[in-house]
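Below is upload-v9.cif, which holds mmCIF, C-alpha atoms.
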```cif
data_final
#
loop_
_atom_site.label_atom_id
_atom_site.label_comp_id
_atom_site.auth_asym_id
_atom_site.auth_seq_id
_atom_site.Cartn_x
_atom_site.Cartn_y
_atom_site.Cartn_z
CA MET G 1 -47.91 -11.80 16.66
CA ASN G 2 -48.87 -15.38 17.12
CA ARG G 3 -45.58 -16.58 15.57
CA GLY G 4 -43.20 -14.66 17.78
CA PRO G 5 -40.73 -17.50 18.40
CA LEU G 6 -40.58 -18.32 14.70
CA ILE G 7 -39.86 -14.72 13.73
CA PHE G 8 -37.25 -14.48 16.47
CA ALA G 9 -35.59 -17.65 15.21
CA GLY G 10 -35.56 -16.26 11.67
CA ILE G 11 -33.89 -13.01 12.75
CA LEU G 12 -31.38 -14.95 14.83
CA LEU G 13 -30.56 -17.18 11.87
CA ALA G 14 -30.03 -14.20 9.55
CA MET G 15 -27.83 -12.37 12.05
CA GLY G 16 -25.96 -15.53 13.00
CA THR G 17 -25.18 -16.38 9.39
CA ALA G 18 -23.84 -12.89 8.79
CA TRP G 19 -21.75 -13.05 11.98
CA CYS G 20 -20.32 -16.41 10.98
CA GLY G 21 -19.50 -15.23 7.47
CA LEU G 22 -18.12 -11.80 8.29
CA ILE G 23 -16.47 -12.34 11.67
CA PHE G 24 -16.07 -15.94 12.70
CA ALA G 25 -14.86 -17.50 9.44
CA PRO G 26 -12.35 -14.69 8.68
CA HIS G 27 -11.07 -15.00 12.23
CA LEU G 28 -10.56 -18.73 11.76
CA GLN G 29 -8.69 -18.06 8.52
CA LEU G 30 -6.67 -14.97 9.43
CA GLY G 31 -6.79 -14.72 13.21
CA ALA G 32 -3.45 -16.45 13.71
CA LEU G 33 -1.70 -14.58 10.89
CA GLN G 34 2.07 -14.40 11.33
CA PRO G 35 4.88 -12.64 9.49
CA ALA G 36 5.87 -14.68 6.47
CA PRO G 37 9.08 -15.10 4.49
CA SER G 38 8.82 -12.65 1.66
CA VAL G 39 9.14 -13.98 -1.86
CA GLY G 40 12.67 -13.63 -3.16
CA ILE G 41 14.11 -12.63 0.18
CA SER G 42 14.81 -15.93 1.83
CA SER G 43 16.13 -14.61 5.11
CA ALA G 44 13.70 -11.80 5.91
CA LEU G 45 10.27 -12.06 7.49
CA TYR G 46 7.61 -9.57 6.52
CA PRO G 47 6.20 -7.41 8.03
CA THR G 48 8.44 -6.14 10.81
CA ARG G 49 7.45 -3.91 13.70
CA LEU G 50 7.93 -0.21 13.10
CA GLU G 51 11.14 1.13 14.54
CA GLY G 52 10.86 3.68 17.37
CA ARG G 53 10.63 6.94 15.46
CA SER G 54 8.24 5.51 12.90
CA GLN G 55 6.10 4.14 15.72
CA GLN G 56 5.91 7.62 17.24
CA GLY G 57 5.12 8.96 13.79
CA ALA G 58 2.26 6.49 13.51
CA GLU G 59 0.77 8.02 16.66
CA VAL G 60 1.12 11.51 15.16
CA TYR G 61 -0.47 10.25 11.93
CA ARG G 62 -3.33 8.88 13.98
CA SER G 63 -3.78 11.93 16.19
CA LEU G 64 -3.83 14.37 13.27
CA GLY G 65 -6.54 12.31 11.59
CA CYS G 66 -4.55 11.82 8.40
CA ALA G 67 -6.57 8.65 7.78
CA HIS G 68 -9.69 10.75 7.22
CA CYS G 69 -8.35 11.84 3.83
CA HIS G 70 -5.57 9.34 3.08
CA SER G 71 -6.10 5.64 2.58
CA GLN G 72 -3.39 3.03 3.01
CA ASN G 73 -5.05 0.37 0.98
CA VAL G 74 -4.09 -0.44 -2.61
CA ARG G 75 -6.75 -2.50 -4.31
CA GLY G 76 -6.07 -5.15 -6.91
CA ASN G 77 -7.31 -3.25 -9.94
CA VAL G 78 -5.14 -1.66 -12.61
CA ALA G 79 -6.16 1.91 -11.72
CA ASP G 80 -4.93 1.47 -8.15
CA LEU G 81 -1.85 -0.56 -8.98
CA SER G 82 -0.59 1.86 -11.60
CA ARG G 83 -0.93 4.87 -9.32
CA TRP G 84 -0.41 3.75 -5.76
CA GLY G 85 1.72 0.70 -5.50
CA PRO G 86 3.65 -2.12 -6.98
CA ARG G 87 1.20 -4.65 -5.55
CA ARG G 88 -2.09 -4.79 -3.72
CA THR G 89 -2.18 -4.64 0.06
CA VAL G 90 -3.23 -7.78 1.92
CA SER G 91 -4.11 -8.64 5.50
CA ARG G 92 -0.52 -9.37 6.42
CA ASP G 93 0.53 -5.78 5.65
CA TYR G 94 -1.49 -4.53 8.62
CA LEU G 95 -0.24 -7.16 11.06
CA TYR G 96 1.68 -4.79 13.32
CA ASP G 97 -0.46 -1.68 12.81
CA GLU G 98 -2.17 -0.80 16.08
CA PRO G 99 -4.73 0.22 15.07
CA PRO G 100 -4.66 -0.47 11.35
CA LEU G 101 -5.48 2.73 9.48
CA PRO G 102 -6.54 1.64 6.00
CA GLY G 103 -8.78 4.70 5.70
CA THR G 104 -12.12 4.98 3.95
CA LEU G 105 -11.71 8.04 1.75
CA ARG G 106 -9.18 9.15 -0.82
CA ILE G 107 -9.44 12.89 -0.67
CA GLY G 108 -5.64 12.81 -0.80
CA PRO G 109 -3.39 10.19 -2.39
CA ASP G 110 -3.05 6.70 -1.01
CA LEU G 111 -0.03 6.55 1.28
CA SER G 112 0.74 2.82 1.25
CA ASN G 113 3.87 3.55 -0.75
CA ALA G 114 4.48 7.19 0.06
CA GLY G 115 8.04 6.44 1.14
CA ALA G 116 8.84 4.56 -2.05
CA ARG G 117 7.29 7.21 -4.30
CA GLN G 118 8.97 10.12 -2.57
CA PRO G 119 11.98 9.09 -0.45
CA ASP G 120 13.10 12.68 0.17
CA ALA G 121 12.54 13.70 3.81
CA ALA G 122 13.03 17.40 3.01
CA TRP G 123 10.23 17.20 0.44
CA HIS G 124 7.85 15.70 3.01
CA LEU G 125 8.75 18.29 5.64
CA ALA G 126 8.20 21.24 3.30
CA HIS G 127 5.00 19.60 2.08
CA LEU G 128 3.67 19.25 5.63
CA TYR G 129 4.55 22.86 6.42
CA GLN G 130 2.87 24.17 3.30
CA PRO G 131 1.58 21.57 0.80
CA ARG G 132 1.26 24.13 -1.99
CA SER G 133 4.97 24.81 -1.90
CA LYS G 134 5.38 21.34 -3.44
CA VAL G 135 2.06 20.52 -5.09
CA VAL G 136 0.54 23.61 -6.68
CA LYS G 137 -3.08 22.52 -6.60
CA SER G 138 -2.95 20.63 -3.32
CA LEU G 139 -6.13 20.47 -1.25
CA MET G 140 -4.24 19.40 1.85
CA PRO G 141 -4.37 21.76 4.84
CA PRO G 142 -1.00 23.09 5.98
CA TYR G 143 0.32 21.88 9.35
CA PRO G 144 2.41 24.88 10.51
CA PHE G 145 1.97 23.91 14.16
CA LEU G 146 4.34 21.00 13.57
CA PHE G 147 7.07 23.57 12.91
CA GLU G 148 8.67 26.40 14.75
CA VAL G 149 9.29 29.74 13.05
CA ARG G 150 12.09 31.32 15.00
CA LYS G 151 14.75 33.94 14.74
CA ILE G 152 18.01 32.64 13.36
CA GLY G 153 20.49 32.37 16.21
CA GLU G 154 24.24 32.46 15.82
CA ALA G 155 24.06 30.07 12.90
CA PRO G 156 21.09 28.77 10.88
CA SER G 157 19.81 25.38 12.02
CA PRO G 158 20.87 22.49 9.78
CA LYS G 159 17.28 21.25 10.04
CA ALA G 160 15.76 24.49 8.74
CA LEU G 161 13.44 24.03 5.76
CA ARG G 162 14.53 25.45 2.43
CA LEU G 163 11.41 27.26 1.33
CA GLU G 164 10.91 29.48 -1.64
CA SER G 165 8.86 32.64 -1.87
CA PRO G 166 5.96 33.15 -1.08
CA TYR G 167 6.23 30.44 1.60
CA ALA G 168 9.63 31.41 2.96
CA PRO G 169 9.74 32.93 6.47
CA PRO G 170 10.64 36.62 6.87
CA GLU G 171 14.27 37.68 6.58
CA GLY G 172 16.25 36.60 9.62
CA PHE G 173 13.80 33.81 10.55
CA GLU G 174 13.90 30.08 9.91
CA VAL G 175 11.35 27.26 9.91
CA VAL G 176 12.49 24.30 11.98
CA PRO G 177 10.53 21.05 12.26
CA LYS G 178 9.41 20.00 15.73
CA HIS G 179 9.82 16.44 16.94
CA GLU G 180 6.27 15.56 15.78
CA ALA G 181 7.04 16.58 12.21
CA GLU G 182 10.27 14.61 12.16
CA VAL G 183 8.75 11.37 13.43
CA LEU G 184 5.73 11.78 11.13
CA VAL G 185 8.09 12.02 8.16
CA ALA G 186 9.99 8.97 9.46
CA TYR G 187 6.67 7.12 9.45
CA LEU G 188 5.82 8.33 5.94
CA LEU G 189 9.22 7.28 4.61
CA ASP G 190 8.55 3.83 6.07
CA ARG G 191 5.41 3.48 3.96
CA LYS G 192 6.73 0.94 1.46
CA LYS G 193 5.13 -2.20 0.24
CA SER G 194 7.98 -3.20 -2.01
CA VAL G 195 8.21 -6.75 -0.67
CA ALA G 196 6.33 -9.46 -2.53
CA LEU G 197 4.37 -12.02 -0.53
CA PHE G 198 3.03 -15.37 -1.55
CA GLU G 199 -0.53 -14.07 -1.52
CA ALA G 200 0.52 -10.75 -3.08
CA PRO G 201 2.96 -11.42 -5.92
CA MET G 202 4.27 -8.41 -7.81
CA PRO G 203 2.24 -7.89 -10.96
CA SER G 204 4.76 -8.14 -13.76
CA SER G 205 2.74 -7.09 -16.76
CA LEU G 206 1.76 -3.72 -15.37
CA LYS G 207 3.43 -0.68 -16.91
CA LYS G 208 5.23 1.42 -14.37
CA GLU G 209 4.38 4.86 -15.64
CA GLU G 210 4.65 6.50 -12.27
CA ALA G 211 8.23 5.52 -11.52
CA GLY G 212 9.96 8.42 -9.84
CA ALA G 213 6.81 10.50 -9.76
CA THR G 214 5.91 12.69 -6.84
CA ASN G 215 3.32 11.98 -4.23
CA ALA G 216 0.43 13.50 -6.13
CA PRO G 217 -1.10 12.28 -9.36
CA THR G 218 -1.58 15.69 -10.97
CA GLY G 219 -0.32 19.22 -10.64
CA ALA G 220 2.82 18.06 -8.92
CA VAL G 221 6.10 19.91 -8.86
CA ALA G 222 9.12 17.68 -8.90
CA PRO G 223 11.22 18.10 -5.76
CA MET C 1 -69.73 5.90 9.63
CA LEU C 2 -73.01 4.66 10.99
CA ARG C 3 -72.31 1.10 10.03
CA ARG C 4 -69.26 1.11 12.16
CA VAL C 5 -71.07 2.24 15.28
CA ARG C 6 -72.20 -0.53 17.53
CA LEU C 7 -75.55 0.11 19.09
CA LEU C 8 -76.43 -1.25 22.46
CA PRO C 9 -79.53 -3.52 22.65
CA SER C 10 -81.30 -0.94 24.84
CA GLN C 11 -80.81 1.67 22.16
CA LEU C 12 -82.15 -0.68 19.52
CA MET C 13 -85.29 -1.30 21.59
CA LYS C 14 -86.03 2.43 21.59
CA SER C 15 -86.60 2.35 17.84
CA LYS C 16 -90.08 3.48 16.81
CA SER C 17 -90.30 0.86 14.06
CA SER C 18 -92.37 -2.22 14.84
CA LYS C 19 -90.18 -4.47 12.76
CA PRO C 20 -87.05 -5.71 14.40
CA PRO C 21 -84.18 -3.68 12.97
CA ALA C 22 -81.82 -5.30 10.47
CA PRO C 23 -78.42 -5.94 12.01
CA LEU C 24 -76.16 -3.01 11.14
CA ILE C 25 -72.89 -4.89 11.39
CA GLY C 26 -71.70 -8.39 10.75
CA PRO C 27 -69.50 -10.53 12.89
CA GLU C 28 -66.16 -8.97 13.76
CA PRO C 29 -63.50 -9.97 11.17
CA ALA C 30 -60.90 -12.44 12.31
CA GLU C 31 -57.58 -11.11 13.60
CA PRO C 32 -54.86 -11.31 10.90
CA GLN C 33 -52.48 -14.17 11.40
CA VAL C 34 -49.04 -15.11 9.98
CA GLY C 35 -48.92 -17.96 7.56
CA ARG C 36 -52.49 -17.96 6.44
CA SER C 37 -51.84 -16.70 2.92
CA ALA C 38 -49.63 -18.35 0.31
CA ILE C 39 -46.24 -16.74 -0.54
CA PRO C 40 -46.60 -15.09 -3.93
CA LEU C 41 -44.92 -17.09 -6.68
CA TRP C 42 -43.02 -14.07 -8.05
CA LEU C 43 -41.33 -13.58 -4.69
CA VAL C 44 -40.15 -17.18 -4.60
CA MET C 45 -38.78 -16.82 -8.13
CA ALA C 46 -37.09 -13.48 -7.39
CA VAL C 47 -35.34 -14.92 -4.35
CA GLY C 48 -34.30 -17.93 -6.43
CA VAL C 49 -32.81 -15.70 -9.15
CA LEU C 50 -30.94 -13.61 -6.57
CA PHE C 51 -29.58 -16.72 -4.92
CA TYR C 52 -28.42 -18.05 -8.28
CA LEU C 53 -26.70 -14.80 -9.24
CA GLY C 54 -25.07 -14.61 -5.82
CA SER C 55 -23.68 -18.10 -6.06
CA MET C 56 -22.38 -17.37 -9.57
CA TYR C 57 -20.58 -14.29 -8.22
CA LEU C 58 -19.06 -16.25 -5.35
CA GLU C 59 -18.00 -19.00 -7.71
CA GLN C 60 -16.25 -16.53 -10.01
CA THR C 61 -14.66 -14.14 -7.53
CA GLY C 62 -14.66 -15.97 -4.21
CA GLY C 63 -11.31 -17.64 -4.79
CA GLY C 64 -12.67 -20.81 -3.22
CA PHE C 65 -12.79 -18.97 0.12
CA HIS C 66 -9.05 -19.47 0.35
CA ALA C 67 -7.33 -17.10 2.80
CA GLU C 68 -4.40 -16.48 0.47
CA VAL C 69 -6.39 -15.56 -2.61
CA PHE C 70 -7.00 -11.83 -2.93
CA GLU C 71 -8.62 -9.80 -5.67
CA PRO C 72 -7.77 -9.75 -8.59
CA HIS C 73 -6.70 -13.41 -8.40
CA ARG C 74 -9.41 -15.98 -8.87
CA SER C 75 -8.02 -19.16 -7.34
CA ILE C 76 -5.08 -20.50 -5.35
CA LYS C 77 -3.76 -22.09 -8.53
CA VAL C 78 -3.46 -18.67 -10.19
CA VAL C 79 -1.55 -17.35 -7.16
CA ARG C 80 0.82 -20.34 -7.23
CA ASP C 81 1.49 -19.81 -10.93
CA LEU C 82 2.42 -16.18 -10.28
CA GLN C 83 5.28 -17.05 -7.92
CA PRO C 84 8.72 -16.54 -9.43
CA LYS C 85 9.86 -20.03 -10.34
CA ASP C 86 13.40 -19.83 -11.53
CA GLU C 87 16.48 -18.74 -9.65
CA GLY C 88 16.79 -15.64 -11.87
CA GLY C 89 13.29 -14.43 -11.01
CA ARG C 90 13.92 -14.94 -7.30
CA LEU C 91 17.20 -13.04 -7.46
CA ILE C 92 15.63 -10.14 -9.34
CA ALA C 93 12.86 -9.84 -6.76
CA LEU C 94 15.43 -9.79 -3.96
CA GLY C 95 17.58 -7.33 -5.87
CA LYS C 96 14.68 -4.95 -6.42
CA ALA C 97 13.98 -4.86 -2.68
CA LYS C 98 17.64 -4.28 -1.82
CA TYR C 99 17.98 -1.64 -4.54
CA GLU C 100 15.01 0.27 -3.14
CA GLN C 101 16.45 0.08 0.37
CA THR C 102 19.95 1.27 -0.41
CA CYS C 103 20.96 2.12 -3.97
CA GLN C 104 17.86 4.14 -4.84
CA LEU C 105 18.82 6.96 -2.44
CA CYS C 106 21.54 8.04 -4.86
CA HIS C 107 20.82 6.37 -8.18
CA GLN C 108 17.04 7.00 -7.98
CA ALA C 109 14.12 4.73 -8.79
CA THR C 110 14.48 5.66 -12.45
CA GLY C 111 18.13 4.55 -12.49
CA LEU C 112 18.99 7.94 -13.95
CA GLY C 113 21.00 9.15 -10.98
CA VAL C 114 21.27 12.84 -10.17
CA VAL C 115 22.92 15.19 -12.65
CA GLY C 116 26.34 16.27 -11.42
CA GLN C 117 26.26 13.99 -8.36
CA PHE C 118 25.35 10.38 -9.01
CA PRO C 119 25.90 8.70 -12.39
CA PRO C 120 23.04 6.91 -14.13
CA LEU C 121 22.67 3.13 -14.12
CA ALA C 122 20.12 3.06 -16.93
CA GLY C 123 21.93 2.33 -20.15
CA SER C 124 25.31 2.67 -18.45
CA GLU C 125 28.15 0.80 -20.14
CA TRP C 126 29.50 -0.09 -16.67
CA ILE C 127 26.34 -2.05 -15.86
CA THR C 128 25.60 -3.91 -19.07
CA THR C 129 29.03 -5.43 -19.70
CA PRO C 130 28.98 -9.09 -20.80
CA GLY C 131 30.75 -10.13 -17.59
CA ILE C 132 30.19 -8.93 -14.05
CA GLY C 133 33.82 -8.41 -13.03
CA ARG C 134 33.84 -4.62 -13.04
CA LEU C 135 30.38 -4.10 -11.58
CA THR C 136 30.97 -6.58 -8.75
CA ARG C 137 34.21 -4.84 -7.81
CA ILE C 138 32.49 -1.43 -7.81
CA ILE C 139 29.79 -2.65 -5.41
CA LEU C 140 32.22 -4.58 -3.19
CA HIS C 141 34.85 -1.89 -2.71
CA GLY C 142 33.42 1.33 -4.11
CA VAL C 143 34.97 3.55 -6.73
CA SER C 144 36.61 6.96 -6.45
CA GLY C 145 38.12 9.52 -8.77
CA PRO C 146 37.21 10.54 -12.31
CA ILE C 147 35.03 8.11 -14.24
CA GLU C 148 33.26 8.43 -17.58
CA VAL C 149 29.69 7.17 -17.80
CA LYS C 150 27.66 7.45 -21.02
CA GLY C 151 30.11 10.01 -22.40
CA VAL C 152 29.91 12.29 -19.37
CA LYS C 153 32.76 12.78 -16.90
CA TRP C 154 31.90 12.26 -13.23
CA GLU C 155 33.83 12.56 -10.03
CA ALA C 156 32.95 9.24 -8.42
CA ALA C 157 32.74 8.77 -4.65
CA MET C 158 30.83 5.54 -4.27
CA PRO C 159 31.34 3.93 -0.85
CA PRO C 160 32.10 0.21 -0.51
CA PHE C 161 29.13 -2.08 0.14
CA GLY C 162 31.04 -5.33 0.50
CA SER C 163 30.42 -5.60 4.23
CA ALA C 164 26.80 -4.41 3.96
CA PHE C 165 25.59 -7.13 1.59
CA THR C 166 26.02 -10.87 1.31
CA ASP C 167 27.20 -12.42 -1.94
CA GLU C 168 23.64 -13.41 -2.69
CA GLU C 169 22.39 -9.87 -2.16
CA ILE C 170 25.09 -8.37 -4.37
CA ALA C 171 24.29 -10.91 -7.07
CA ALA C 172 20.61 -10.04 -6.68
CA ILE C 173 21.18 -6.28 -6.99
CA MET C 174 23.26 -6.83 -10.11
CA ALA C 175 20.66 -9.20 -11.55
CA TYR C 176 18.05 -6.51 -11.02
CA ILE C 177 19.91 -3.51 -12.44
CA ARG C 178 21.32 -5.49 -15.39
CA THR C 179 17.94 -6.79 -16.51
CA GLN C 180 15.71 -3.80 -15.65
CA LYS C 181 13.83 -3.38 -18.91
CA ASP C 182 12.31 -0.05 -17.89
CA TRP C 183 15.82 1.35 -17.88
CA GLY C 184 16.68 -0.21 -21.21
CA ASN C 185 19.13 -2.65 -19.61
CA SER C 186 19.06 -6.19 -20.95
CA ALA C 187 22.29 -7.87 -19.88
CA SER C 188 22.52 -11.43 -18.60
CA SER C 189 21.56 -12.42 -15.07
CA VAL C 190 24.14 -13.21 -12.41
CA LYS C 191 25.33 -16.28 -10.52
CA VAL C 192 25.98 -16.06 -6.79
CA GLU C 193 29.15 -18.22 -7.12
CA ASP C 194 30.74 -15.66 -9.45
CA VAL C 195 30.29 -12.91 -6.87
CA ALA C 196 31.72 -15.12 -4.13
CA ALA C 197 34.75 -15.92 -6.31
CA ILE C 198 35.46 -12.24 -7.02
CA ARG C 199 35.07 -11.33 -3.34
CA LYS C 200 37.55 -14.06 -2.44
CA ALA C 201 40.03 -13.05 -5.13
CA THR C 202 40.03 -9.33 -4.35
CA GLY C 203 39.82 -9.49 -0.58
CA ASP C 204 39.59 -6.29 1.38
CA ARG C 205 40.92 -3.22 -0.42
CA ALA C 206 40.53 0.51 -1.03
CA PRO C 207 38.02 1.84 -3.58
CA TRP C 208 38.88 1.23 -7.21
CA THR C 209 39.70 3.87 -9.75
CA ALA C 210 38.20 3.86 -13.22
CA ASP C 211 41.60 3.11 -14.81
CA GLU C 212 42.09 0.03 -12.63
CA LEU C 213 38.62 -1.21 -13.50
CA LEU C 214 39.10 -0.66 -17.23
CA LYS C 215 42.11 -3.03 -17.14
CA ILE C 216 39.76 -5.86 -16.19
CA PRO C 217 38.41 -7.48 -19.35
CA GLU C 218 34.74 -6.70 -20.09
CA SER C 219 33.85 -10.35 -20.36
CA GLU C 220 35.17 -11.43 -16.96
#
```

Can I see the file as C-alpha cells?
Amino acid sequence: MNRGPLIFAGILLAMGTAWCGLIFAPHLQLGALQPAPSVGISSALYPTRLEGRSQQGAEVYRSLGCAHCHSQNVRGNVADLSRWGPRRTVSRDYLYDEPPLPGTLRIGPDLSNAGARQPDAAWHLAHLYQPRSKVVKSLMPPYPFLFEVRKIGEAPSPKALRLESPYAPPEGFEVVPKHEAEVLVAYLLDRKKSVALFEAPMPSSLKKEEAGATNAPTGAVAP
Amino acid sequence: MLRRVRLLPSQLMKSKSSKPPAPLIGPEPAEPQVGRSAIPLWLVMAVGVLFYLGSMYLEQTGGGFHAEVFEPHRSIKVVRDLQPKDEGGRLIALGKAKYEQTCQLCHQATGLGVVGQFPPLAGSEWITTPGIGRLTRIILHGVSGPIEVKGVKWEAAMPPFGSAFTDEEIAAIMAYIRTQKDWGNSASSVKVEDVAAIRKATGDRAPWTADELLKIPESE
C-alpha cells in the first residue's frame, strides 16, 4: 500500500464519473421538468395533478404494494406498445406522482393504461374482490378486505357488486365496496396515457390489436 | 520447511562441523509494490475494445444525450419528424383524446357501441356522409327517438354536447371518428369553420329526430 492516495483518487474518479452521469447530468436535464402542452391539444397542459379521489386511490395502491407485481412503465419496443399502451411512458408522465411507482416486476399486467383498456368501474371492483371472477387464470390475490359482505337491509345497496356463482355472496347478503376500494378504482380508471407529448409521439404504424381488450393478455373474460 | 527457519547465530555456533555452515536462507525478498510490473498488453487491448464498443452503442442509441429523445427514437430529428404536421393530423390527435374522455363511455373504443343501447360509429352511414351537417347537429344538440343505423332500428337518447365542447373540439372528434381506419371509416376530415357556421345557424334547440336530420342533404 505505498500508492494509497493514487488508489483513492482512482476510486473517487470512478465513483464521481458515475455520479455525474447517472445523477447530476439527468438532474440538469430533467430536474426542472414542467407540464407541457400536449400535442394536438393546444389548450391543455399535461400532466395534471390527480383529483382528490384518485389521489387517495394512489395512496391505497401504494399501501397495498400493487407496485410489487404491476409496473406502470411502457417501454418503447413493439411488444410493450402493442400490449400496454398507445405510446411509451416518459419522465413527464411521472411528474406529479409522489412517489412515482413505475414498478420493477410484471407479475401482473402493466397498469399505465388500465383505465383506457378497461373503463368499466364495476369490472375493476369485481376484479379486486375476486380476480378469477373476471380473469379465469388470474394469479392476482383477492382483496376481500376492501369490501364488506353484509346482510341486505330494506333494499339492496346500489353499490353492491353483481357477482356470479361461485363468487356470489350467500342468499340475502351483498358485497359492498368500502371507501378504499372505490378510490382505488378511481385511481385505476385515471391510468391513461392517451395524450401525445413532443418527446412521446403516438406511434402511427403500430397495429392496434388490443383495442377494447380486457386488462389481461390471456385467459380473459370480457366484462 | 527447514530452509524457512531462521537460525540464531548462537545456534549456528553449536554445530559440530568445523566448516562454517552454508547460509540456509538468502536475503529477504523485497516487499511487493504497485507499479513495478508492466500492464499486460492484452488488458490494454481488451479495455480499448470495450471502450470502442461502448462508444459505438452510445453513438447509435444515445440520442445525442438529448433530454427529449427516448427509446426507440434515435435522435431529436427523428422525434421532430414524428410530430403531426398538418392541421388534419393535429385535429385527429385532439379528437382521439376527446373521444376517449367522453364518447368512448357509450360508443366504446372499438366504435361498435353496445348492442341494444348505443349504436355503432364504425361503418355507420351517419358518420361517413360526404358532408358534416347531420353529424355536427347530432353532437351539438343530441338526437332522440327512433333512428336506423346500419339497418338496425335503435331508440336514440344521445344528450347534447354543444355546451361541453368548443367548435374546435367538435371538429376534432368528427375528424377522428370519420377517418378512423381501424373502424373502416374513411370519410374526409373536417374544418373548424364549418362547425362554427352550423352552430351559429342552428342556435340552441332541443334534440333532433332522425326524420329532421334526414331532411338535411347528405353533402351539406

Could you expand the PyMOL selection byres ((chain C) within 6 of (chain G)) into the explicit residues it covers here, written as a compact mmCIF listing (two decimals) with C-alpha atoms, keeping the file's coordinate frame?
```txt
# COMPACT_ATOMS: atom_id res chain seq x y z
CA ALA C 67 -7.33 -17.10 2.80
CA GLU C 68 -4.40 -16.48 0.47
CA GLU C 71 -8.62 -9.80 -5.67
CA PRO C 72 -7.77 -9.75 -8.59
CA ARG C 90 13.92 -14.94 -7.30
CA ALA C 93 12.86 -9.84 -6.76
CA LEU C 94 15.43 -9.79 -3.96
CA ALA C 109 14.12 4.73 -8.79
CA THR C 110 14.48 5.66 -12.45
```

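You can rank G:Leu81, G:Leu188, G:Ala44, G:Ile107 by their closest distance to G:His68 using only C-alpha atoms, and at the top of that list sits G:Ile107.
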
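In this structure, atom CA of G:His124 sits 11.8 Å away from atom CA of G:Arg162.
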
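Atom to atom, atom CA of C:Leu105 and atom CA of C:Pro159 stand 13.0 Å apart.
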
- Residues picked by the PyMOL selection byres ((chain C and resi 168-185) around 6) here, as number ranges by chain? C: 91-92, 94-96, 122-123, 128, 165-167, 186-187, 189-190, 192

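Between atom CA of C:Leu140 and atom CA of C:Leu112 lies a distance of 21.2 Å.
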
Pull out every residue that the PyMOL selection byres ((chain G and resi 177) around 8) matches in the shown coordinates and put them as a CSV table (one decimal) with C-alpha atoms, in the frame of the given file.
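Ended up saving to result.csv:
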```csv
chain,number,residue,atom,x,y,z
G,125,LEU,CA,8.8,18.3,5.6
G,146,LEU,CA,4.3,21.0,13.6
G,147,PHE,CA,7.1,23.6,12.9
G,148,GLU,CA,8.7,26.4,14.8
G,159,LYS,CA,17.3,21.2,10.0
G,160,ALA,CA,15.8,24.5,8.7
G,161,LEU,CA,13.4,24.0,5.8
G,175,VAL,CA,11.4,27.3,9.9
G,176,VAL,CA,12.5,24.3,12.0
G,178,LYS,CA,9.4,20.0,15.7
G,179,HIS,CA,9.8,16.4,16.9
G,180,GLU,CA,6.3,15.6,15.8
G,181,ALA,CA,7.0,16.6,12.2
G,182,GLU,CA,10.3,14.6,12.2
```

- Task: Would you kindly return, as a count of residues only, each protein, DNA or RNA residue with an atom no farther than 9 Å from any atom of C:Gly63, considering all atoms listed in the file and excluding same-chain residues fewer than 6 positions away?
- Result: 7

- Message: as a PyMOL selection string, please: the residues near G:Pro166 (cut-off 12 Å, all atoms listed in the file, same-chain neighbours under 5 positions excluded).
- Response: chain G and resi 130+132-133

- Residues at most 7 Å from C:Glu155, counting all atoms listed in the file, excluding those fewer than 5 positions away in the same chain, as a PyMOL selection string? chain C and resi 145-147

Residues within 12 Å of G:Met140, please, as a tab-separated table (two decimals) with C-alpha atoms, in the coordinates of the input. Count all atoms listed in the file; anything in the same chain fewer than 5 positions from it doesn't count.
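Wrote part-v4.tsv, looks like this:
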```
chain	number	residue	atom	x	y	z
G	66	CYS	CA	-4.55	11.82	8.40
G	68	HIS	CA	-9.69	10.75	7.22
G	69	CYS	CA	-8.35	11.84	3.83
G	70	HIS	CA	-5.57	9.34	3.08
G	106	ARG	CA	-9.18	9.15	-0.82
G	107	ILE	CA	-9.44	12.89	-0.67
G	108	GLY	CA	-5.64	12.81	-0.80
G	109	PRO	CA	-3.39	10.19	-2.39
G	127	HIS	CA	5.00	19.60	2.08
G	128	LEU	CA	3.67	19.25	5.63
G	129	TYR	CA	4.55	22.86	6.42
G	130	GLN	CA	2.87	24.17	3.30
G	131	PRO	CA	1.58	21.57	0.80
G	132	ARG	CA	1.26	24.13	-1.99
G	133	SER	CA	4.97	24.81	-1.90
G	134	LYS	CA	5.38	21.34	-3.44
G	135	VAL	CA	2.06	20.52	-5.09
G	216	ALA	CA	0.43	13.50	-6.13
```
